[in-house]
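Trainee: The file below is protein14.cif, mmCIF, C-alpha atoms:
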data_query
loop_
_atom_site.label_atom_id
_atom_site.label_comp_id
_atom_site.auth_asym_id
_atom_site.auth_seq_id
_atom_site.Cartn_x
_atom_site.Cartn_y
_atom_site.Cartn_z
CA SER Z 1138 17.77 -4.42 -4.38
CA THR Z 1139 19.38 -5.21 -1.03
CA THR Z 1140 21.83 -2.86 0.64
CA GLY Z 1141 23.53 -5.77 2.47
CA SER Z 1142 25.71 -4.71 5.39
CA PRO Z 1143 25.48 -1.14 6.75
CA LEU Z 1144 26.94 1.49 4.44
CA PRO Z 1145 30.44 2.61 5.43
CA SER Z 1146 29.83 6.32 5.73
CA PHE Z 1147 27.34 9.16 5.68
CA HIS Z 1148 28.57 10.12 2.20
CA ALA Z 1149 27.95 6.61 0.86
CA ALA Z 1150 24.43 6.64 2.34
CA ARG Z 1151 23.78 10.04 0.79
CA SER Z 1152 25.03 8.82 -2.57
CA THR Z 1153 22.70 5.80 -2.38
CA GLN Z 1154 19.74 8.06 -1.61
CA LYS Z 1155 20.60 10.30 -4.56
CA THR Z 1156 20.74 7.27 -6.88
CA LEU Z 1157 17.39 6.00 -5.61
CA SER Z 1158 15.83 9.42 -6.05
CA SER Z 1159 17.27 9.76 -9.56
CA ASN Z 1160 15.99 6.32 -10.60
CA ARG Z 1161 12.56 7.06 -9.18
CA ASN Z 1162 12.32 10.46 -10.88
CA ASN Z 1163 13.43 9.00 -14.21
CA PHE Z 1164 10.81 6.26 -13.94
CA GLU Z 1165 8.04 8.74 -13.08
CA ARG Z 1166 9.01 11.02 -15.98
CA ARG Z 1167 9.20 8.12 -18.43
CA PHE Z 1168 5.73 6.91 -17.49
CA ALA Z 1169 3.99 10.24 -16.87
CA ILE Z 1170 1.14 8.86 -18.96
CA LYS Z 1171 -2.40 7.55 -18.74
CA ILE Z 1172 -3.67 4.36 -20.39
CA ASP Z 1173 -5.04 5.39 -23.78
CA LYS Z 1174 -4.61 4.73 -27.49
CA GLN Z 1175 -1.99 7.47 -27.87
CA ASN Z 1176 0.36 5.76 -25.43
CA THR Z 1177 0.07 2.10 -26.41
CA SER Z 1178 3.82 1.55 -26.86
CA ASN Z 1179 4.78 3.18 -23.55
CA VAL Z 1180 1.95 1.38 -21.74
CA ALA Z 1181 3.25 -1.94 -23.09
CA ASN Z 1182 6.75 -1.05 -21.87
CA PHE Z 1183 5.33 -0.20 -18.46
CA PHE Z 1184 3.65 -3.59 -18.08
CA ASP Z 1185 6.83 -5.31 -19.27
CA ILE Z 1186 8.55 -3.72 -16.26
CA VAL Z 1187 5.66 -4.78 -13.99
CA ASN Z 1188 6.24 -8.40 -15.08
CA LYS Z 1189 10.03 -8.08 -14.80
CA GLU Z 1190 9.89 -6.74 -11.23
CA LYS Z 1191 7.33 -9.28 -9.95
CA PRO Z 1192 9.87 -12.01 -8.95
CA ASN Z 1193 12.06 -9.39 -7.26
CA PHE Z 1194 9.15 -8.01 -5.26
CA ILE Z 1195 7.95 -11.44 -4.17
CA LYS Z 1196 11.50 -12.49 -3.20
CA THR Z 1197 11.88 -9.36 -1.04
CA THR Z 1198 8.56 -10.06 0.68
CA GLN Z 1199 9.55 -13.70 1.27
CA ASP Z 1200 12.90 -12.64 2.70
CA ILE Z 1201 11.36 -10.29 5.24
CA ALA Z 1202 8.63 -12.77 6.23
CA SER Z 1203 11.02 -15.73 6.55
CA GLN Z 1204 13.41 -13.72 8.70
CA PHE Z 1205 10.70 -13.78 11.37
CA GLY Z 1206 9.25 -17.19 10.48
CA ARG Z 1207 6.04 -15.56 9.29
CA GLU Z 1208 3.49 -15.82 6.48
CA TYR Z 1209 2.61 -13.36 3.75
CA ILE Z 1210 0.05 -12.51 1.08
CA TYR Z 1211 1.00 -11.28 -2.41
CA ARG Z 1212 -1.33 -9.51 -4.80
CA GLU Z 1213 -0.91 -7.73 -8.11
CA LYS Z 1214 -3.22 -4.87 -9.03
CA GLY Z 1215 -5.19 -5.77 -12.17
CA LEU Z 1216 -5.86 -3.50 -15.13
CA PRO Z 1217 -9.44 -2.52 -14.09
CA SER Z 1218 -8.16 -1.48 -10.65
CA ILE Z 1219 -5.29 0.50 -12.22
CA MET Z 1220 -7.74 2.27 -14.54
CA ARG Z 1221 -9.98 3.21 -11.62
CA LYS Z 1222 -7.00 4.52 -9.66
CA LEU Z 1223 -5.87 6.71 -12.56
CA LYS Z 1224 -9.38 8.08 -12.95
CA ARG Z 1225 -9.79 8.98 -9.26
CA LYS Z 1226 -7.04 11.60 -9.38
CA GLU Z 1227 -6.48 13.66 -12.54
CA SER Z 1228 -2.78 14.28 -11.79
CA ARG Z 1229 -2.00 10.59 -11.21
CA THR Z 1230 -0.03 8.80 -13.92
CA LEU Z 1231 1.20 5.22 -14.35
CA GLY Z 1232 4.67 6.16 -13.10
CA LYS Z 1233 3.25 7.41 -9.79
CA ILE Z 1234 1.25 4.31 -8.87
CA ASN Z 1235 3.21 2.71 -6.05
CA ASP Z 1236 1.18 -0.41 -5.31
CA ILE Z 1237 0.77 -2.44 -8.49
CA HIS Z 1238 2.88 -5.01 -6.66
CA GLY Z 1239 1.67 -5.32 -3.08
CA SER Z 1240 2.10 -7.69 -0.19
CA GLU Z 1241 1.08 -8.12 3.42
CA ILE Z 1242 3.42 -9.71 5.94
CA LEU Z 1243 1.64 -11.20 8.96
CA VAL Z 1244 3.56 -10.87 12.22
CA LEU Z 1245 3.06 -10.61 15.97
CA GLU Z 1246 2.34 -7.09 17.19
CA LYS Z 1247 5.52 -7.03 19.28
CA GLU Z 1248 7.58 -7.85 16.16
CA ILE Z 1249 6.42 -4.86 14.09
CA PRO Z 1250 9.29 -2.46 15.05
CA SER Z 1251 11.87 -5.20 14.35
CA VAL Z 1252 10.28 -6.00 10.98
CA ILE Z 1253 10.37 -2.33 9.96
CA LYS Z 1254 14.03 -2.06 11.02
CA TYR Z 1255 15.03 -5.23 9.18
CA ALA Z 1256 13.30 -4.08 5.99
CA LYS Z 1257 14.90 -0.62 6.13
CA ASP Z 1258 18.36 -2.03 6.87
CA ASN Z 1259 18.31 -4.58 4.04
CA PHE Z 1260 16.13 -3.19 1.26
CA ASP Z 1261 15.48 0.10 -0.50
CA ILE Z 1262 12.59 1.28 1.66
CA ILE Z 1263 12.04 4.92 0.75
CA ASN Z 1264 9.04 5.72 2.95
CA VAL Z 1265 7.26 4.29 6.00
CA ASP Z 1266 3.65 5.09 6.93
CA ASP Z 1267 3.10 3.65 10.41
CA PHE Z 1268 -0.57 3.67 11.42
CA SER Z 1269 -0.08 1.11 14.20
CA ALA Z 1270 0.37 3.84 16.82
CA ASN Z 1271 -1.68 6.50 15.02
CA PRO Z 1272 -4.68 4.88 13.30
CA THR Z 1273 -6.45 6.56 10.38
CA PHE Z 1274 -9.86 8.17 10.95
CA LEU Z 1275 -11.38 4.79 10.00
CA GLY Z 1276 -9.34 3.02 12.71
CA TYR Z 1277 -6.94 1.29 10.31
CA ARG Z 1278 -3.65 0.26 11.97
CA GLY Z 1279 -1.42 -1.23 9.27
CA VAL Z 1280 2.18 -0.27 8.45
CA HIS Z 1281 3.03 0.56 4.83
CA LEU Z 1282 6.56 0.35 3.43
CA ASP Z 1283 7.27 1.87 0.01
CA TYR Z 1284 9.87 -0.41 -1.55
CA GLN Z 1285 11.78 0.87 -4.57
CA MET Z 1286 12.83 -1.73 -7.12
CA PRO Z 1287 15.89 -1.45 -9.40
CA THR Z 1288 13.92 0.04 -12.31
CA GLY Z 1289 12.60 2.88 -10.14
CA MET Z 1290 9.14 1.29 -9.84
CA LYS Z 1291 7.70 1.24 -6.32
CA GLY Z 1292 5.79 -1.53 -4.59
CA GLU Z 1293 3.98 -1.52 -1.26
CA ILE Z 1294 4.77 -3.96 1.53
CA GLN Z 1295 2.27 -3.85 4.38
CA ILE Z 1296 2.82 -5.23 7.87
CA HIS Z 1297 -0.15 -6.54 9.86
CA THR Z 1298 -1.01 -8.93 12.62
CA LYS Z 1299 -3.07 -11.88 11.41
CA ASN Z 1300 -6.14 -10.54 13.19
CA GLY Z 1301 -5.38 -7.13 11.70
CA ILE Z 1302 -5.54 -8.52 8.16
CA TYR Z 1303 -8.91 -10.13 8.94
CA GLN Z 1304 -10.12 -6.76 10.21
CA LYS Z 1305 -8.79 -4.98 7.12
CA GLU Z 1306 -10.62 -7.40 4.81
CA PHE Z 1307 -13.85 -7.01 6.79
CA ALA Z 1308 -13.65 -3.21 6.91
CA HIS Z 1309 -12.49 -2.77 3.30
CA PRO Z 1310 -15.99 -2.32 1.79
CA ILE Z 1311 -16.41 0.74 4.03
CA TYR Z 1312 -13.15 2.24 2.77
CA ASP Z 1313 -14.10 1.34 -0.79
CA LYS Z 1314 -17.47 3.05 -0.42
CA TRP Z 1315 -15.80 6.41 0.35
CA ARG Z 1316 -12.57 5.82 -1.58
CA ASN Z 1317 -13.18 8.48 -4.23
CA TYR Z 1318 -13.42 11.18 -1.55
CA ILE Z 1319 -10.50 9.82 0.48
CA GLU Z 1320 -8.00 9.29 -2.33
CA SER Z 1321 -8.71 12.60 -4.03
CA THR Z 1322 -7.68 14.43 -0.83
CA LYS Z 1323 -4.03 15.02 0.07
CA LYS Z 1324 -2.74 12.94 2.98
CA ASP Z 1325 -6.22 11.59 3.79
CA ASP Z 1326 -6.97 14.76 5.79
CA PHE Z 1327 -10.28 14.06 7.57
CA PHE Z 1328 -11.66 17.58 7.55
CA ASN Z 1329 -10.91 18.09 3.87
CA ILE Z 1330 -12.51 14.72 3.10
CA LEU Z 1331 -15.56 15.75 5.12
CA LYS Z 1332 -15.89 18.94 3.06
CA LYS Z 1333 -16.22 16.81 -0.07
CA ILE Z 1334 -18.95 14.55 1.34
CA PRO Z 1335 -22.40 15.78 0.23
CA GLU Z 1336 -24.46 17.02 3.18
CA LYS Z 1337 -27.16 14.39 2.66
CA GLU Z 1338 -24.56 11.58 2.88
CA ARG Z 1339 -22.73 12.73 6.01
CA SER Z 1340 -24.86 10.84 8.53
CA THR Z 1341 -24.11 7.61 6.61
CA PHE Z 1342 -20.44 8.58 6.47
CA PHE Z 1343 -20.24 9.01 10.26
CA ALA Z 1344 -22.14 5.73 10.84
CA ASP Z 1345 -19.65 3.94 8.61
CA ILE Z 1346 -16.74 5.47 10.54
CA ASP Z 1347 -18.23 4.13 13.78
CA LYS Z 1348 -18.66 0.67 12.26
CA SER Z 1349 -15.10 0.66 10.91
CA TRP Z 1350 -13.72 1.57 14.36
CA ASP Z 1351 -15.81 -1.21 15.93
CA ILE Z 1352 -14.22 -3.67 13.49
CA TYR Z 1353 -10.65 -2.51 14.17
CA GLN Z 1354 -11.25 -2.38 17.93
CA GLY Z 1355 -12.47 -5.98 17.90
CA ILE Z 1356 -16.00 -5.04 18.97
CA GLU Z 1357 -17.49 -6.31 15.71
CA PRO Z 1358 -16.68 -10.04 15.37
CA ILE Z 1359 -14.97 -11.16 12.16
CA PRO Z 1360 -17.22 -13.48 10.11
CA LYS Z 1361 -15.77 -16.93 9.48
CA SER Z 1362 -16.27 -16.37 5.73
CA ILE Z 1363 -13.82 -13.42 5.87
CA GLN Z 1364 -11.23 -15.50 7.74
CA LYS Z 1365 -11.63 -18.32 5.20
CA THR Z 1366 -11.15 -15.93 2.25
CA VAL Z 1367 -7.97 -14.47 3.77
CA ASN Z 1368 -6.56 -17.86 4.79
CA LYS Z 1369 -6.74 -19.05 1.18
CA GLN Z 1370 -4.43 -16.20 0.12
CA ILE Z 1371 -1.75 -16.77 2.76
CA LYS Z 1372 1.60 -18.19 1.69
CA LYS Z 1373 4.46 -19.47 3.85
#
Written as structure tokens, that's how I'd like the structure from this file.
Mentor:
Amino acid sequence: STTGSPLPSFHAARSTQKTLSSNRNNFERRFAIKIDKQNTSNVANFFDIVNKEKPNFIKTTQDIASQFGREYIYREKGLPSIMRKLKRKESRTLGKINDIHGSEILVLEKEIPSVIKYAKDNFDIINVDDFSANPTFLGYRGVHLDYQMPTGMKGEIQIHTKNGIYQKEFAHPIYDKWRNYIESTKKDDFFNILKKIPEKERSTFFADIDKSWDIYQGIEPIPKSIQKTVNKQIKK
């Protein structure tokens, strides 16, 4: 939902935050479940909400992108991907998955701070992870906005340059290769991830880190096939 014009007072802002937090907590409690035969009714209700929130999420993405005359990509996480995500972390439940609805807004690098500000001023953005100034250990430089929808469900809006989204697509198989170790560690802490990597696989792990950095630094050229794949997904 949009917040419209700036809120009139600190107390109003605080009240809004409390409402958002309450809605989010209620949603997470309601869907503190896995996908299995014992939860078929609740799982069906969950996916009803996924479908209900889709137009809202896409409209929000379009609004932010159009404000800057830019393009975007929308994707919805499929059931196999959701199942894998639940399996990777024992404590993760349906209600805590925050990227079933996801989008990537493609902007100029100099526009990124303005895009973040516009999104925060006009929509219920409850968290910002900005890797543009502080890349991950794999060199990734995207910006992630957690957007809370009216039902309490969260979606993830990412901000990239166009070249950055090519790089992300090219480097993604490296992330995917080590995903189980990365996503089972709190806050993607490198040294804790490293502890989980079997000794015999560490040399490969470090080689993959070097390759990922080369991709994000522009040293490794982006194949035309990657650019073509991404371009097909872009919407105006």
Trainee: So how many Å separate atom CA of Z:Gln1285 and atom CA of Z:Thr1366, to one decimal?
Mentor: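 For atom CA of Z:Gln1285 relative to atom CA of Z:Thr1366, the distance reads 29.2 Å.
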Trainee: When the PyMOL selection byres ((chain Z and resi 1294) around 6) is applied to the file above, which residues end up in the set, as a short mmCIF file (atom, residue, chain, number, x, y, z; two decimals) with C-alpha atoms, in the coordinates of the input?
Mentor:
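Produced file expr_1.cif, reproduced below:
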data_model
loop_
_atom_site.label_atom_id
_atom_site.label_comp_id
_atom_site.auth_asym_id
_atom_site.auth_seq_id
_atom_site.Cartn_x
_atom_site.Cartn_y
_atom_site.Cartn_z
CA GLY Z 1239 1.67 -5.32 -3.08
CA SER Z 1240 2.10 -7.69 -0.19
CA GLU Z 1241 1.08 -8.12 3.42
CA HIS Z 1281 3.03 0.56 4.83
CA LEU Z 1282 6.56 0.35 3.43
CA GLU Z 1293 3.98 -1.52 -1.26
CA GLN Z 1295 2.27 -3.85 4.38
#
Trainee: Where does the PyMOL selection byres ((chain Z and resi 1222-1231) around 10) land in this file, that is, which residues does it pick, as number ranges by chain?
Mentor: Z: 1164-1172, 1180, 1183-1184, 1216-1221, 1232-1235, 1237, 1290, 1316-1322
Trainee: Could you write out that same residue set with C-alpha atoms as a compact mmCIF listing (two decimals), in the frame of the given file?
Mentor:
# COMPACT_ATOMS: atom_id res chain seq x y z
CA PHE Z 1164 10.81 6.26 -13.94
CA GLU Z 1165 8.04 8.74 -13.08
CA ARG Z 1166 9.01 11.02 -15.98
CA ARG Z 1167 9.20 8.12 -18.43
CA PHE Z 1168 5.73 6.91 -17.49
CA ALA Z 1169 3.99 10.24 -16.87
CA ILE Z 1170 1.14 8.86 -18.96
CA LYS Z 1171 -2.40 7.55 -18.74
CA ILE Z 1172 -3.67 4.36 -20.39
CA VAL Z 1180 1.95 1.38 -21.74
CA PHE Z 1183 5.33 -0.20 -18.46
CA PHE Z 1184 3.65 -3.59 -18.08
CA LEU Z 1216 -5.86 -3.50 -15.13
CA PRO Z 1217 -9.44 -2.52 -14.09
CA SER Z 1218 -8.16 -1.48 -10.65
CA ILE Z 1219 -5.29 0.50 -12.22
CA MET Z 1220 -7.74 2.27 -14.54
CA ARG Z 1221 -9.98 3.21 -11.62
CA GLY Z 1232 4.67 6.16 -13.10
CA LYS Z 1233 3.25 7.41 -9.79
CA ILE Z 1234 1.25 4.31 -8.87
CA ASN Z 1235 3.21 2.71 -6.05
CA ILE Z 1237 0.77 -2.44 -8.49
CA MET Z 1290 9.14 1.29 -9.84
CA ARG Z 1316 -12.57 5.82 -1.58
CA ASN Z 1317 -13.18 8.48 -4.23
CA TYR Z 1318 -13.42 11.18 -1.55
CA ILE Z 1319 -10.50 9.82 0.48
CA GLU Z 1320 -8.00 9.29 -2.33
CA SER Z 1321 -8.71 12.60 -4.03
CA THR Z 1322 -7.68 14.43 -0.83
Trainee: Any chance you could resolve the PyMOL selection byres ((chain Z and resi 1278) around 8) against this file and give the residues as a list of chain:residue names?
Mentor: Z:Asp1267, Z:Phe1268, Z:Ser1269, Z:Ala1270, Z:Asn1271, Z:Pro1272, Z:Thr1273, Z:Gly1276, Z:Tyr1277, Z:Gly1279, Z:Val1280, Z:His1297, Z:Gly1301, Z:Tyr1353
Trainee: Using all atoms listed in the file, pick whichever of Z:Thr1288, Z:Asn1264, Z:Asn1162, Z:Asn1176 has the shortest atom-to-atom distance to Z:Asn1193.
Mentor: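 Checking each candidate against Z:Asn1193, we get Z:Thr1288 as the closest.
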Trainee: Find the spatial neighbours of stretch 1331-1336 of chain Z, counting all atoms listed in the file, within a cut-off of 9 Å - ignore same-chain residues fewer than 3 positions away - and output them as a ChimeraX atom specification.
Mentor: /Z:1315,1318,1322,1326-1328,1339-1340,1342
Trainee: Restricting the output to C-alpha atoms, write the selected residues as an mmCIF file, in the frame of the given file.
Mentor:
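Printed below is part_38.cif as written:
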data_model
loop_
_atom_site.group_PDB
_atom_site.id
_atom_site.type_symbol
_atom_site.label_atom_id
_atom_site.label_comp_id
_atom_site.auth_asym_id
_atom_site.auth_seq_id
_atom_site.Cartn_x
_atom_site.Cartn_y
_atom_site.Cartn_z
ATOM 1 C CA TRP Z 1315 -15.800 6.410 0.350
ATOM 2 C CA TYR Z 1318 -13.420 11.180 -1.550
ATOM 3 C CA THR Z 1322 -7.680 14.430 -0.830
ATOM 4 C CA ASP Z 1326 -6.970 14.760 5.790
ATOM 5 C CA PHE Z 1327 -10.280 14.060 7.570
ATOM 6 C CA PHE Z 1328 -11.660 17.580 7.550
ATOM 7 C CA ARG Z 1339 -22.730 12.730 6.010
ATOM 8 C CA SER Z 1340 -24.860 10.840 8.530
ATOM 9 C CA PHE Z 1342 -20.440 8.580 6.470
#
Trainee: Out of Z:Ile1352, Z:Ile1363, Z:Leu1157, Z:Ile1296, which residue has the shortest atom-to-atom distance to Z:Lys1247 when counting all atoms listed in the file?
Mentor: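 For Z:Lys1247, the nearest of the given residues is Z:Ile1296.
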Trainee: Just to confirm, what's the straight-line distance from atom CA of Z:Arg1207 to atom CA of Z:Asp1266 in Å (one decimal)?
Mentor: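 Computed distance, atom CA of Z:Arg1207 to atom CA of Z:Asp1266, equals 20.9 Å.
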Trainee: Ranking Z:Ile1195, Z:Ile1330, Z:Ile1201, Z:Ile1346 by minimum distance to Z:Glu1213 and counting all atoms listed in the file, which one comes first?
Mentor: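 Looking at the shortest contact to Z:Glu1213, the residue is Z:Ile1195.
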Trainee: Can you work out the spacing between atom CA of Z:Gly1292 and atom CA of Z:Asp1236 in Å, to one decimal?
Mentor: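 So the answer is 4.8 Å.
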Trainee: Could you check the closest approach to Z:Tyr1303 for each of Z:Ser1203, Z:Asn1368, Z:Asn1160, Z:Gln1154 and tell me which residue wins, using all atoms listed in the file?
Mentor: Z:Asn1368
Trainee: Just checking: using only C-alpha atoms, which residue out of Z:Thr1298, Z:Thr1198, Z:Asn1182, Z:Gln1364 ends up closest to Z:Tyr1255?
Mentor: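 Counting only C-alpha atoms, the residue closest to Z:Tyr1255 is Z:Thr1198.
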Trainee: Compare Z:Gln1175, Z:Asn1300, Z:Lys1196, Z:Ser1158 by their minimum atom-to-atom distance to Z:Ile1263, counting only C-alpha atoms, and give me the closest one.
Mentor: Z:Ser1158
Trainee: Applying 12 Å and only C-alpha atoms, which residues near Z:Lys1369 remain after dropping the ones on its own chain fewer than 5 positions away? List them as a list of chain:residue names.
Mentor: Z:Glu1208, Z:Tyr1209, Z:Ile1210, Z:Tyr1211, Z:Ser1362, Z:Ile1363, Z:Gln1364
Trainee: Would you compute, for all listed atoms of stretch 1283-1294 of chain Z, the axis-aligned bounding box grown by 8 Å on each side, and then report its centre and edge lengths in Å rounded to one decimal, as lines of an AutoDock Vina configuration file?
Mentor:
center_x = 9.9
center_y = -0.5
center_z = -5.4
size_x = 27.9
size_y = 22.8
size_z = 29.8
Trainee: Output requested as a tab-separated table (two decimals), in the frame of the given file - stretch 1264-1280 of chain Z, filled out with N, CA, C and O atoms.
Mentor:
chain	number	residue	atom	x	y	z
Z	1264	ASN	N	10.02	5.01	2.12
Z	1264	ASN	CA	9.04	5.72	2.95
Z	1264	ASN	C	8.33	4.70	3.84
Z	1264	ASN	O	8.09	3.56	3.44
Z	1265	VAL	N	8.01	5.13	5.07
Z	1265	VAL	CA	7.26	4.29	6.00
Z	1265	VAL	C	6.06	5.08	6.51
Z	1265	VAL	O	6.21	6.19	7.03
Z	1266	ASP	N	4.87	4.53	6.33
Z	1266	ASP	CA	3.65	5.09	6.93
Z	1266	ASP	C	3.21	4.11	8.02
Z	1266	ASP	O	2.74	3.01	7.72
Z	1267	ASP	N	3.39	4.53	9.27
Z	1267	ASP	CA	3.10	3.65	10.41
Z	1267	ASP	C	1.80	4.09	11.09
Z	1267	ASP	O	1.78	5.08	11.82
Z	1268	PHE	N	0.72	3.35	10.82
Z	1268	PHE	CA	-0.57	3.67	11.42
Z	1268	PHE	C	-0.84	2.81	12.66
Z	1268	PHE	O	-1.92	2.89	13.23
Z	1269	SER	N	0.15	2.00	13.05
Z	1269	SER	CA	-0.08	1.11	14.20
Z	1269	SER	C	-0.25	1.90	15.50
Z	1269	SER	O	-1.03	1.52	16.36
Z	1270	ALA	N	0.49	3.00	15.62
Z	1270	ALA	CA	0.37	3.84	16.82
Z	1270	ALA	C	-0.61	4.98	16.61
Z	1270	ALA	O	-1.20	5.49	17.56
Z	1271	ASN	N	-0.77	5.39	15.34
Z	1271	ASN	CA	-1.68	6.50	15.02
Z	1271	ASN	C	-2.64	6.06	13.92
Z	1271	ASN	O	-2.40	6.31	12.74
Z	1272	PRO	N	-3.74	5.40	14.30
Z	1272	PRO	CA	-4.68	4.88	13.30
Z	1272	PRO	C	-5.29	6.00	12.44
Z	1272	PRO	O	-5.34	7.16	12.84
Z	1273	THR	N	-5.74	5.61	11.25
Z	1273	THR	CA	-6.45	6.56	10.38
Z	1273	THR	C	-7.82	6.87	11.00
Z	1273	THR	O	-8.22	6.25	11.98
Z	1274	PHE	N	-8.55	7.80	10.39
Z	1274	PHE	CA	-9.86	8.17	10.95
Z	1274	PHE	C	-10.86	7.01	10.86
Z	1274	PHE	O	-11.88	7.02	11.55
Z	1275	LEU	N	-10.53	5.98	10.07
Z	1275	LEU	CA	-11.38	4.79	10.00
Z	1275	LEU	C	-10.93	3.71	10.98
Z	1275	LEU	O	-11.54	2.64	11.07
Z	1276	GLY	N	-9.83	3.98	11.72
Z	1276	GLY	CA	-9.34	3.02	12.71
Z	1276	GLY	C	-8.30	2.06	12.19
Z	1276	GLY	O	-7.82	1.20	12.93
Z	1277	TYR	N	-7.91	2.20	10.94
Z	1277	TYR	CA	-6.94	1.29	10.31
Z	1277	TYR	C	-5.57	1.43	10.95
Z	1277	TYR	O	-5.10	2.54	11.21
Z	1278	ARG	N	-4.89	0.27	11.19
Z	1278	ARG	CA	-3.65	0.26	11.97
Z	1278	ARG	C	-2.47	-0.43	11.27
Z	1278	ARG	O	-1.52	-0.84	11.92
Z	1279	GLY	N	-2.51	-0.56	9.97
Z	1279	GLY	CA	-1.42	-1.23	9.27
Z	1279	GLY	C	-0.17	-0.35	9.16
Z	1279	GLY	O	-0.18	0.84	9.46
Z	1280	VAL	N	0.93	-0.98	8.74
Z	1280	VAL	CA	2.18	-0.27	8.45
Z	1280	VAL	C	2.48	-0.47	6.97
Z	1280	VAL	O	2.43	-1.59	6.47
